[in-house]
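One file, protein.cif, is given below (mmCIF, C-alpha atoms).
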```cif
data_coords
loop_
_atom_site.group_PDB
_atom_site.id
_atom_site.type_symbol
_atom_site.label_atom_id
_atom_site.label_comp_id
_atom_site.auth_asym_id
_atom_site.auth_seq_id
_atom_site.Cartn_x
_atom_site.Cartn_y
_atom_site.Cartn_z
ATOM 1 C CA MET E 1 86.338 115.183 68.960
ATOM 2 C CA SER E 2 85.957 118.898 68.383
ATOM 3 C CA LYS E 3 88.895 121.277 68.429
ATOM 4 C CA LYS E 4 87.378 123.024 71.449
ATOM 5 C CA ALA E 5 87.248 119.752 73.371
ATOM 6 C CA LYS E 6 90.877 118.973 72.502
ATOM 7 C CA ILE E 7 92.038 122.391 73.699
ATOM 8 C CA LEU E 8 90.059 121.917 76.919
ATOM 9 C CA ILE E 9 91.702 118.545 77.562
ATOM 10 C CA ILE E 10 95.234 119.672 76.692
ATOM 11 C CA GLY E 11 94.950 122.953 78.606
ATOM 12 C CA GLY E 12 93.236 121.431 81.631
ATOM 13 C CA LEU E 13 95.643 118.533 81.819
ATOM 14 C CA ALA E 14 98.677 120.800 81.392
ATOM 15 C CA ILE E 15 97.624 122.937 84.371
ATOM 16 C CA SER E 16 96.754 119.856 86.452
ATOM 17 C CA LEU E 17 100.072 118.154 85.633
ATOM 18 C CA VAL E 18 102.039 121.229 86.673
ATOM 19 C CA LEU E 19 100.118 121.293 89.975
ATOM 20 C CA GLY E 20 100.344 117.541 90.634
ATOM 21 C CA GLY E 21 103.815 117.025 89.191
ATOM 22 C CA VAL E 22 105.714 120.168 90.204
ATOM 23 C CA VAL E 23 103.881 122.369 92.717
ATOM 24 C CA SER E 24 102.982 119.298 94.822
ATOM 25 C CA TYR E 25 106.620 119.118 95.952
ATOM 26 C CA PHE E 26 106.178 122.407 97.790
ATOM 27 C CA ALA E 27 102.992 121.343 99.570
ATOM 28 C CA SER E 28 102.832 121.736 103.350
ATOM 29 C CA SER E 29 103.462 118.520 105.264
ATOM 30 C CA HIS E 30 101.595 119.726 108.344
ATOM 31 C CA PRO E 31 98.610 117.574 109.365
ATOM 32 C CA ASP E 32 95.392 118.574 107.633
ATOM 33 C CA GLY E 33 92.327 119.975 109.409
ATOM 34 C CA LEU E 34 90.790 116.668 110.496
ATOM 35 C CA GLU E 35 94.144 115.116 111.454
ATOM 36 C CA TRP E 36 95.006 118.201 113.502
ATOM 37 C CA VAL E 37 91.651 118.131 115.309
ATOM 38 C CA ALA E 38 92.111 114.395 115.998
ATOM 39 C CA GLU E 39 95.550 115.057 117.441
ATOM 40 C CA GLU E 40 94.444 118.086 119.432
ATOM 41 C CA LYS E 41 91.318 116.415 120.829
ATOM 42 C CA GLY E 42 93.068 113.115 121.541
ATOM 43 C CA PHE E 43 91.407 110.649 119.192
ATOM 44 C CA LEU E 44 94.092 110.296 116.534
ATOM 45 C CA ASP E 45 95.118 106.944 118.053
ATOM 46 C CA LYS E 46 91.736 105.511 117.073
ATOM 47 C CA ALA E 47 92.821 105.637 113.426
ATOM 48 C CA GLU E 48 93.514 102.179 112.043
ATOM 49 C CA GLU E 49 95.533 101.269 109.011
ATOM 50 C CA ASN E 50 93.995 98.521 106.940
ATOM 51 C CA GLU E 51 96.952 96.294 106.039
ATOM 52 C CA THR E 52 95.467 94.937 102.845
ATOM 53 C CA GLN E 53 94.731 98.475 101.679
ATOM 54 C CA SER E 54 98.239 99.712 102.459
ATOM 55 C CA GLU E 55 99.870 96.688 100.834
ATOM 56 C CA MET E 56 97.658 96.854 97.747
ATOM 57 C CA ALA E 57 98.119 100.596 97.239
ATOM 58 C CA PRO E 58 100.853 100.939 94.589
ATOM 59 C CA ILE E 59 101.834 104.500 95.561
ATOM 60 C CA PRO E 60 101.192 104.863 99.302
ATOM 61 C CA ASP E 61 101.185 108.425 100.679
ATOM 62 C CA TYR E 62 101.787 110.003 97.258
ATOM 63 C CA GLU E 63 105.409 108.848 97.090
ATOM 64 C CA MET E 64 106.513 106.577 94.275
ATOM 65 C CA PRO E 65 108.286 103.587 95.840
ATOM 66 C CA GLY E 66 111.840 102.838 94.691
ATOM 67 C CA ILE E 67 112.617 106.449 93.746
ATOM 68 C CA GLU E 68 115.307 108.191 95.778
ATOM 69 C CA SER E 69 114.891 111.796 94.775
ATOM 70 C CA ASP E 70 112.468 113.586 97.090
ATOM 71 C CA PHE E 71 111.236 115.658 94.197
ATOM 72 C CA ALA E 72 110.876 112.833 91.688
ATOM 73 C CA LYS E 73 108.981 110.453 93.966
ATOM 74 C CA VAL E 74 106.250 113.015 94.671
ATOM 75 C CA SER E 75 106.297 114.330 91.106
ATOM 76 C CA ILE E 76 105.863 110.878 89.537
ATOM 77 C CA ALA E 77 103.079 110.066 92.005
ATOM 78 C CA GLY E 78 101.326 113.319 91.089
ATOM 79 C CA VAL E 79 101.661 112.802 87.343
ATOM 80 C CA ILE E 80 100.415 109.193 87.509
ATOM 81 C CA GLY E 81 97.508 110.150 89.770
ATOM 82 C CA THR E 82 96.461 113.088 87.597
ATOM 83 C CA LEU E 83 96.534 111.067 84.371
ATOM 84 C CA LEU E 84 94.851 108.061 85.995
ATOM 85 C CA THR E 85 92.060 110.213 87.429
ATOM 86 C CA PHE E 86 91.534 111.840 84.032
ATOM 87 C CA ALA E 87 91.468 108.461 82.283
ATOM 88 C CA VAL E 88 88.967 106.923 84.732
ATOM 89 C CA ALA E 89 86.635 109.937 84.811
ATOM 90 C CA PHE E 90 86.826 110.503 81.045
ATOM 91 C CA GLY E 91 86.326 106.776 80.468
ATOM 92 C CA ILE E 92 83.224 106.615 82.656
ATOM 93 C CA ALA E 93 81.791 109.746 81.018
ATOM 94 C CA SER E 94 82.477 108.400 77.501
ATOM 95 C CA LEU E 95 80.838 105.096 78.403
ATOM 96 C CA ILE E 96 77.726 106.799 79.742
ATOM 97 C CA LYS E 97 77.575 109.048 76.666
ATOM 98 C CA ARG E 98 77.937 106.105 74.310
ATOM 99 C CA ARG E 99 75.150 104.172 76.035
ATOM 100 C CA LYS E 100 72.960 107.256 75.842
ATOM 101 C CA GLN E 101 73.558 107.505 72.096
ATOM 102 C CA ALA E 102 72.923 103.789 71.675
ATOM 103 C CA ALA E 103 69.647 104.154 73.556
ATOM 104 C CA THR E 104 68.416 107.087 71.466
ATOM 105 C CA ALA E 105 69.609 105.704 68.114
ATOM 106 C CA MET B 1 89.370 115.893 105.593
ATOM 107 C CA HIS B 2 89.754 112.258 104.453
ATOM 108 C CA ILE B 3 88.477 110.077 107.311
ATOM 109 C CA PRO B 4 90.766 107.119 108.068
ATOM 110 C CA ASP B 5 89.585 103.666 109.159
ATOM 111 C CA GLY B 6 88.752 103.303 112.840
ATOM 112 C CA PHE B 7 87.016 106.652 113.347
ATOM 113 C CA LEU B 8 83.498 105.602 112.332
ATOM 114 C CA SER B 9 80.985 103.087 113.687
ATOM 115 C CA MET B 10 79.220 100.493 111.545
ATOM 116 C CA PRO B 11 75.839 102.299 111.509
ATOM 117 C CA VAL B 12 77.465 105.572 110.383
ATOM 118 C CA ILE B 13 79.472 103.731 107.727
ATOM 119 C CA ALA B 14 76.377 101.862 106.507
ATOM 120 C CA GLY B 15 74.178 104.962 106.405
ATOM 121 C CA THR B 16 76.632 107.251 104.653
ATOM 122 C CA THR B 17 77.710 104.521 102.215
ATOM 123 C CA ALA B 18 74.095 103.809 101.253
ATOM 124 C CA VAL B 19 73.449 107.490 100.512
ATOM 125 C CA SER B 20 76.713 107.766 98.561
ATOM 126 C CA ILE B 21 75.896 104.739 96.393
ATOM 127 C CA ALA B 22 72.398 106.092 95.725
ATOM 128 C CA ALA B 23 73.838 109.519 94.837
ATOM 129 C CA CYS B 24 76.370 107.955 92.450
ATOM 130 C CA GLY B 25 73.547 105.984 90.814
ATOM 131 C CA ALA B 26 71.548 109.178 90.447
ATOM 132 C CA GLY B 27 74.699 110.827 89.066
ATOM 133 C CA VAL B 28 74.950 108.203 86.321
ATOM 134 C CA ILE B 29 71.253 108.634 85.442
ATOM 135 C CA ARG B 30 71.690 112.417 85.366
ATOM 136 C CA ALA B 31 74.813 112.084 83.241
ATOM 137 C CA LYS B 32 72.953 109.843 80.786
ATOM 138 C CA LYS B 33 70.444 112.659 80.297
ATOM 139 C CA ASP B 34 72.681 115.710 80.470
ATOM 140 C CA LEU B 35 76.116 114.711 79.298
ATOM 141 C CA GLY B 36 76.725 116.769 76.170
ATOM 142 C CA GLU B 37 79.649 116.625 73.752
ATOM 143 C CA GLN B 38 81.547 119.203 75.815
ATOM 144 C CA GLN B 39 80.790 117.717 79.224
ATOM 145 C CA VAL B 40 82.623 114.430 78.611
ATOM 146 C CA PRO B 41 86.089 116.026 78.425
ATOM 147 C CA LEU B 42 85.046 118.580 81.068
ATOM 148 C CA LEU B 43 84.191 115.802 83.522
ATOM 149 C CA GLY B 44 87.581 114.150 82.943
ATOM 150 C CA VAL B 45 89.557 117.385 83.224
ATOM 151 C CA THR B 46 87.640 118.488 86.340
ATOM 152 C CA ALA B 47 88.422 115.192 88.090
ATOM 153 C CA ALA B 48 92.101 115.381 87.102
ATOM 154 C CA PHE B 49 92.358 118.981 88.307
ATOM 155 C CA ILE B 50 90.704 118.155 91.635
ATOM 156 C CA PHE B 51 93.072 115.226 92.191
ATOM 157 C CA ALA B 52 96.136 117.360 91.453
ATOM 158 C CA ALA B 53 94.958 120.372 93.460
ATOM 159 C CA GLN B 54 94.138 118.152 96.444
ATOM 160 C CA MET B 55 97.843 117.278 96.661
ATOM 161 C CA LEU B 56 98.674 120.898 97.397
ATOM 162 C CA ASN B 57 98.393 121.293 101.149
ATOM 163 C CA PHE B 58 98.680 124.934 102.103
ATOM 164 C CA PRO B 59 99.682 125.963 105.614
ATOM 165 C CA VAL B 60 96.995 127.271 107.953
ATOM 166 C CA LEU B 61 97.588 128.869 111.355
ATOM 167 C CA GLY B 62 99.452 126.888 113.981
ATOM 168 C CA GLY B 63 101.077 123.900 112.333
ATOM 169 C CA THR B 64 97.995 122.836 110.414
ATOM 170 C CA SER B 65 97.445 122.524 106.712
ATOM 171 C CA GLY B 66 94.460 122.376 104.453
ATOM 172 C CA HIS B 67 93.876 121.362 100.899
ATOM 173 C CA PHE B 68 91.373 121.949 98.148
ATOM 174 C CA GLY B 69 88.174 119.896 98.092
ATOM 175 C CA GLY B 70 86.678 120.641 94.709
ATOM 176 C CA ALA B 71 83.038 119.585 95.097
ATOM 177 C CA ALA B 72 81.694 123.125 94.748
ATOM 178 C CA LEU B 73 83.797 123.661 91.612
ATOM 179 C CA ALA B 74 82.556 120.403 90.088
ATOM 180 C CA ALA B 75 78.956 121.275 90.989
ATOM 181 C CA ILE B 76 79.196 124.746 89.428
ATOM 182 C CA LEU B 77 80.546 123.252 86.192
ATOM 183 C CA LEU B 78 78.601 119.990 86.000
ATOM 184 C CA GLY B 79 75.702 120.135 88.460
ATOM 185 C CA PRO B 80 75.669 118.464 91.881
ATOM 186 C CA LEU B 81 74.929 114.881 90.854
ATOM 187 C CA MET B 82 77.726 114.683 88.303
ATOM 188 C CA ALA B 83 79.929 116.444 90.870
ATOM 189 C CA VAL B 84 79.300 113.513 93.220
ATOM 190 C CA LEU B 85 80.476 111.155 90.471
ATOM 191 C CA VAL B 86 83.637 113.215 89.963
ATOM 192 C CA MET B 87 84.368 113.276 93.708
ATOM 193 C CA ALA B 88 83.743 109.522 93.978
ATOM 194 C CA VAL B 89 86.269 108.830 91.205
ATOM 195 C CA VAL B 90 88.883 111.011 92.939
ATOM 196 C CA LEU B 91 88.261 109.505 96.396
ATOM 197 C CA VAL B 92 88.313 105.897 95.153
ATOM 198 C CA ILE B 93 91.637 106.467 93.379
ATOM 199 C CA GLN B 94 93.071 108.213 96.451
ATOM 200 C CA ALA B 95 92.059 105.322 98.716
ATOM 201 C CA LEU B 96 93.065 102.427 96.438
ATOM 202 C CA VAL B 97 96.183 103.801 94.759
ATOM 203 C CA PHE B 98 97.530 106.321 97.273
ATOM 204 C CA PHE B 99 96.300 104.884 100.581
ATOM 205 C CA ASP B 100 94.633 108.203 101.422
ATOM 206 C CA GLY B 101 91.357 107.849 103.311
ATOM 207 C CA GLY B 102 90.245 104.595 104.905
ATOM 208 C CA ILE B 103 88.744 101.818 102.814
ATOM 209 C CA THR B 104 85.801 101.270 105.192
ATOM 210 C CA ALA B 105 85.403 105.052 105.426
ATOM 211 C CA LEU B 106 85.240 105.474 101.634
ATOM 212 C CA GLY B 107 81.438 105.731 101.546
ATOM 213 C CA ALA B 108 81.498 108.264 104.386
ATOM 214 C CA ASN B 109 84.194 110.291 102.618
ATOM 215 C CA VAL B 110 82.124 110.349 99.408
ATOM 216 C CA PHE B 111 79.143 111.410 101.526
ATOM 217 C CA THR B 112 81.041 114.216 103.278
ATOM 218 C CA LEU B 113 83.385 115.553 100.594
ATOM 219 C CA GLY B 114 81.135 114.622 97.663
ATOM 220 C CA VAL B 115 77.399 114.582 98.391
ATOM 221 C CA THR B 116 77.366 117.136 101.223
ATOM 222 C CA ALA B 117 79.900 119.558 99.778
ATOM 223 C CA ALA B 118 78.488 119.356 96.239
ATOM 224 C CA PHE B 119 74.851 119.908 97.210
ATOM 225 C CA VAL B 120 75.583 122.585 99.826
ATOM 226 C CA GLY B 121 77.922 124.364 97.411
ATOM 227 C CA TRP B 122 75.510 124.108 94.500
ATOM 228 C CA GLY B 123 72.465 125.159 96.552
ATOM 229 C CA THR B 124 74.296 128.211 97.891
ATOM 230 C CA TYR B 125 75.581 129.084 94.416
ATOM 231 C CA LYS B 126 72.138 128.880 92.823
ATOM 232 C CA GLY B 127 70.586 130.895 95.646
ATOM 233 C CA LEU B 128 73.214 133.628 95.504
ATOM 234 C CA LEU B 129 73.048 133.904 91.704
ATOM 235 C CA LYS B 130 69.464 135.073 92.122
ATOM 236 C CA VAL B 131 70.434 137.714 94.693
ATOM 237 C CA PHE B 132 73.791 138.918 93.361
ATOM 238 C CA PRO B 133 74.062 141.263 90.368
ATOM 239 C CA LYS B 134 74.041 139.554 86.978
ATOM 240 C CA GLY B 135 77.346 139.173 85.171
ATOM 241 C CA ARG B 136 80.835 138.019 86.086
ATOM 242 C CA ALA B 137 81.172 139.870 89.399
ATOM 243 C CA GLY B 138 78.005 138.292 90.720
ATOM 244 C CA LEU B 139 79.019 134.912 89.351
ATOM 245 C CA LEU B 140 82.428 135.007 91.007
ATOM 246 C CA GLY B 141 80.998 136.315 94.282
ATOM 247 C CA ALA B 142 78.494 133.448 94.378
ATOM 248 C CA THR B 143 81.313 131.038 93.526
ATOM 249 C CA ALA B 144 83.572 132.222 96.350
ATOM 250 C CA VAL B 145 80.881 132.124 99.037
ATOM 251 C CA SER B 146 79.496 128.748 97.978
ATOM 252 C CA ALA B 147 82.981 127.199 97.902
ATOM 253 C CA TRP B 148 83.687 128.427 101.437
ATOM 254 C CA ILE B 149 80.321 127.217 102.752
ATOM 255 C CA SER B 150 80.715 123.806 101.087
ATOM 256 C CA ILE B 151 83.894 123.126 103.093
ATOM 257 C CA PHE B 152 82.540 124.687 106.289
ATOM 258 C CA VAL B 153 79.361 122.570 106.269
ATOM 259 C CA ALA B 154 81.219 119.421 105.180
ATOM 260 C CA SER B 155 83.540 119.777 108.175
ATOM 261 C CA GLY B 156 80.491 120.084 110.438
ATOM 262 C CA VAL B 157 78.997 116.935 108.909
ATOM 263 C CA CYS B 158 82.339 115.191 109.446
ATOM 264 C CA ALA B 159 82.219 116.208 113.137
ATOM 265 C CA LEU B 160 78.662 114.862 113.320
ATOM 266 C CA GLU B 161 79.756 111.509 111.860
ATOM 267 C CA LEU B 162 82.596 111.286 114.373
ATOM 268 C CA SER B 163 80.331 112.044 117.319
ATOM 269 C CA LEU B 164 77.562 109.682 116.151
ATOM 270 C CA SER B 165 80.286 107.017 116.020
ATOM 271 C CA GLY B 166 81.234 107.727 119.622
ATOM 272 C CA THR B 167 84.759 108.756 118.615
ATOM 273 C CA VAL B 168 84.596 112.275 120.052
ATOM 274 C CA PRO B 169 81.778 114.312 121.639
ATOM 275 C CA LEU B 170 80.018 116.732 119.296
ATOM 276 C CA ASP B 171 80.657 119.743 121.532
ATOM 277 C CA VAL B 172 84.384 119.036 121.225
ATOM 278 C CA ALA B 173 84.550 118.056 117.548
ATOM 279 C CA LEU B 174 82.144 120.593 116.051
ATOM 280 C CA PRO B 175 83.807 123.879 117.112
ATOM 281 C CA ALA B 176 87.269 122.499 116.365
ATOM 282 C CA MET B 177 86.343 121.219 112.897
ATOM 283 C CA LEU B 178 84.324 124.332 111.974
ATOM 284 C CA GLY B 179 87.063 126.593 113.321
ATOM 285 C CA VAL B 180 89.967 125.183 111.331
ATOM 286 C CA HIS B 181 87.848 124.654 108.204
ATOM 287 C CA SER B 182 86.602 128.238 108.278
ATOM 288 C CA LEU B 183 90.241 129.030 107.450
ATOM 289 C CA ILE B 184 90.754 126.147 105.010
ATOM 290 C CA GLY B 185 87.538 127.285 103.290
ATOM 291 C CA ILE B 186 89.265 130.544 102.334
ATOM 292 C CA GLY B 187 91.742 128.506 100.276
ATOM 293 C CA GLU B 188 88.816 126.616 98.755
ATOM 294 C CA ALA B 189 87.113 129.902 97.842
ATOM 295 C CA LEU B 190 90.292 131.362 96.279
ATOM 296 C CA ILE B 191 91.072 128.288 94.160
ATOM 297 C CA THR B 192 87.455 127.715 93.070
ATOM 298 C CA THR B 193 87.027 131.384 92.120
ATOM 299 C CA ALA B 194 90.308 131.426 90.202
ATOM 300 C CA VAL B 195 89.285 128.374 88.192
ATOM 301 C CA VAL B 196 85.744 129.601 87.509
ATOM 302 C CA ALA B 197 87.126 133.013 86.462
ATOM 303 C CA THR B 198 89.539 131.290 84.081
ATOM 304 C CA VAL B 199 86.819 129.087 82.592
ATOM 305 C CA ALA B 200 84.457 132.083 82.344
ATOM 306 C CA ALA B 201 87.098 133.963 80.359
ATOM 307 C CA ALA B 202 88.206 131.097 78.108
ATOM 308 C CA ARG B 203 85.051 129.028 77.718
ATOM 309 C CA PRO B 204 81.951 130.809 79.066
ATOM 310 C CA ASP B 205 79.811 128.158 77.347
ATOM 311 C CA LEU B 206 81.020 125.640 79.950
ATOM 312 C CA ILE B 207 79.449 127.607 82.791
ATOM 313 C CA PRO B 208 75.728 126.868 82.705
ATOM 314 C CA ALA B 209 74.880 130.111 84.551
ATOM 315 C CA LEU B 210 76.587 132.145 81.790
ATOM 316 C CA SER B 211 75.419 130.258 78.739
ATOM 317 C CA ARG B 212 72.048 130.984 77.184
ATOM 318 C CA GLU B 213 71.101 127.374 76.769
ATOM 319 C CA PRO B 214 71.740 125.937 80.188
ATOM 320 C CA GLN B 215 72.930 122.365 80.322
ATOM 321 C CA GLY B 216 73.248 120.344 83.461
ATOM 322 C CA VAL B 217 71.936 123.068 85.724
ATOM 323 C CA THR B 218 69.011 121.189 87.173
ATOM 324 C CA ALA B 219 69.532 118.863 90.101
#
```
As structure tokens, the full file:
Amino acid sequence: MSKKAKILIIGGLAISLVLGGVVSYFASSHPDGLEWVAEEKGFLDKAEENETQSEMAPIPDYEMPGIESDFAKVSIAGVIGTLLTFAVAFGIASLIKRRKQAATA
Amino acid sequence: MHIPDGFLSMPVIAGTTAVSIAACGAGVIRAKKDLGEQQVPLLGVTAAFIFAAQMLNFPVLGGTSGHFGGAALAAILLGPLMAVLVMAVVLVIQALVFFDGGITALGANVFTLGVTAAFVGWGTYKGLLKVFPKGRAGLLGATAVSAWISIFVASGVCALELSLSGTVPLDVALPAMLGVHSLIGIGEALITTAVVATVAAARPDLIPALSREPQGVTA
């Protein structure tokens, strides 16, 4: 991997980890736009929670289970999510790139 | 704007999911053609940034909050089809790992926050680049407007999905969704412009509109 690519990954991940792992603690807990409209217009109660989905989700609602500290549970969730998203997206892109090279070789 | 389960009817779920799957397939084909050495890490970093920035709900008037979407940003950097792929990765992880956004609504969420926002954002961006003055000011102006419009239109499409599902009448949902997201879109415009300005300063080669040999600019 080129030096430029490494700097991009390290720099981009550093910024993202600060946002997901630190700044996320200060995020507003007010309902978001859609949730607010649903509440205001009286259809929020139509929302259903899929039990399998909620039970299978390892970090429901961006709070790491089993962690007491309010800061740490959000911070850990943010760090894991950021790294996981990078790994999945980078992995898919690498796979596609490799198959492209294999096809042209 | 993540739609939970229970808000959408089967036909709306089926239709939006079909389009989302087709768009992701087209995204993979496009990536196979366009993905250069630099775009592989860029795609990963863009997805990671969008995930992290989406956690940051900022307060909007009257007890509401909004958060970053990211489709316009991804489209500006990677083109709209690869932006759909990026958004799909983020939304799947949010639904499966963080229980954010319904599992049956996943296809609709990819359609709204991915396909719609990416193509509307990208189309606006490309159109404005032709009209605005060349150079960074024009680039950043086009970025800001297209980011705002991507969220504004996506919220309208979300209202349309809700009304087609019989959850809420369109004349109730549409003004409410457009109204609050016209404010949330300002946050989207600020964040997207800040990131594009940073990338333009540090790595102008990663912005197809600035580089001489455009990569990934065609749909």
For CA of Val180 (chain B) and CA of Thr167 (chain B), the interatomic separation in Å (one decimal):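 CA of Thr167 (chain B) lies at a distance of 18.7 Å from CA of Val180 (chain B).
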Residue hits in chain B, query chain E, radius 6 Å, all atoms listed in the file, as number ranges by chain: B: 1, 4-7, 32, 40, 44-45, 48-49, 52, 55-59, 63-66, 96-99
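Under the PyMOL selection byres ((chain B and resi 171-176) around 8), the matching residues in the shown file are Val37 and Lys41 of chain E; Gly156, Ala159, Leu160, Leu162, Ser163, Val168, Pro169, Leu170, Met177, Leu178, Gly179 and Val180 of chain B.
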Expansion of the PyMOL selection byres ((chain B and resi 200) around 12) into residues, as a list in words: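 Residues picked by the PyMOL selection byres ((chain B and resi 200) around 12): Ile76, Leu77, Gly135, Arg136, Ala137, Leu139, Leu140, Thr143, Thr192, Thr193, Ala194, Val195, Val196, Ala197, Thr198, Val199, Ala201, Ala202, Arg203, Pro204, Asp205, Leu206, Ile207, Pro208, Ala209, Leu210 and Ser211 of chain B.
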Hits from the PyMOL selection byres ((chain B and resi 152) around 7), listed as a PyMOL selection string: chain B and resi 148-151+153-156+178+181-182+185
Convert the current residue selection to file output with C-alpha atoms, as a PDB file, in the frame of the given file.
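Output contents, as saved in part27.pdb:
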```pdb
ATOM      1  CA  TRP B 148      83.687 128.427 101.437  1.00  0.00           C
ATOM      2  CA  ILE B 149      80.321 127.217 102.752  1.00  0.00           C
ATOM      3  CA  SER B 150      80.715 123.806 101.087  1.00  0.00           C
ATOM      4  CA  ILE B 151      83.894 123.126 103.093  1.00  0.00           C
ATOM      5  CA  VAL B 153      79.361 122.570 106.269  1.00  0.00           C
ATOM      6  CA  ALA B 154      81.219 119.421 105.180  1.00  0.00           C
ATOM      7  CA  SER B 155      83.540 119.777 108.175  1.00  0.00           C
ATOM      8  CA  GLY B 156      80.491 120.084 110.438  1.00  0.00           C
ATOM      9  CA  LEU B 178      84.324 124.332 111.974  1.00  0.00           C
ATOM     10  CA  HIS B 181      87.848 124.654 108.204  1.00  0.00           C
ATOM     11  CA  SER B 182      86.602 128.238 108.278  1.00  0.00           C
ATOM     12  CA  GLY B 185      87.538 127.285 103.290  1.00  0.00           C
TER      13      GLY B 185
END
```
Atom pair CA of Phe68 (chain B) / CA of Ile67 (chain E): separation (Å):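 Computing it gives 26.7 Å between the two atoms.
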Nearest residue to Val22 (chain E) from the set E:Ala102, E:Lys3, E:Ala72, E:Pro65 (distances using all atoms listed in the file):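 Using all atoms listed in the file, the shortest distance to Val22 (chain E) belongs to E:Ala72.
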Which residue of B:Gly107, B:Gly102, B:Pro41, B:Gly36 approaches Ala22 (chain B) most closely, using all atoms listed in the file: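 The answer is B:Gly107, which sits nearest to Ala22 (chain B).
With distances taken over all atoms listed in the file, B:Ala47 is the one residue among B:Ala53, B:Leu73, B:Val120, B:Ala47 lying closest to Leu91 (chain B).
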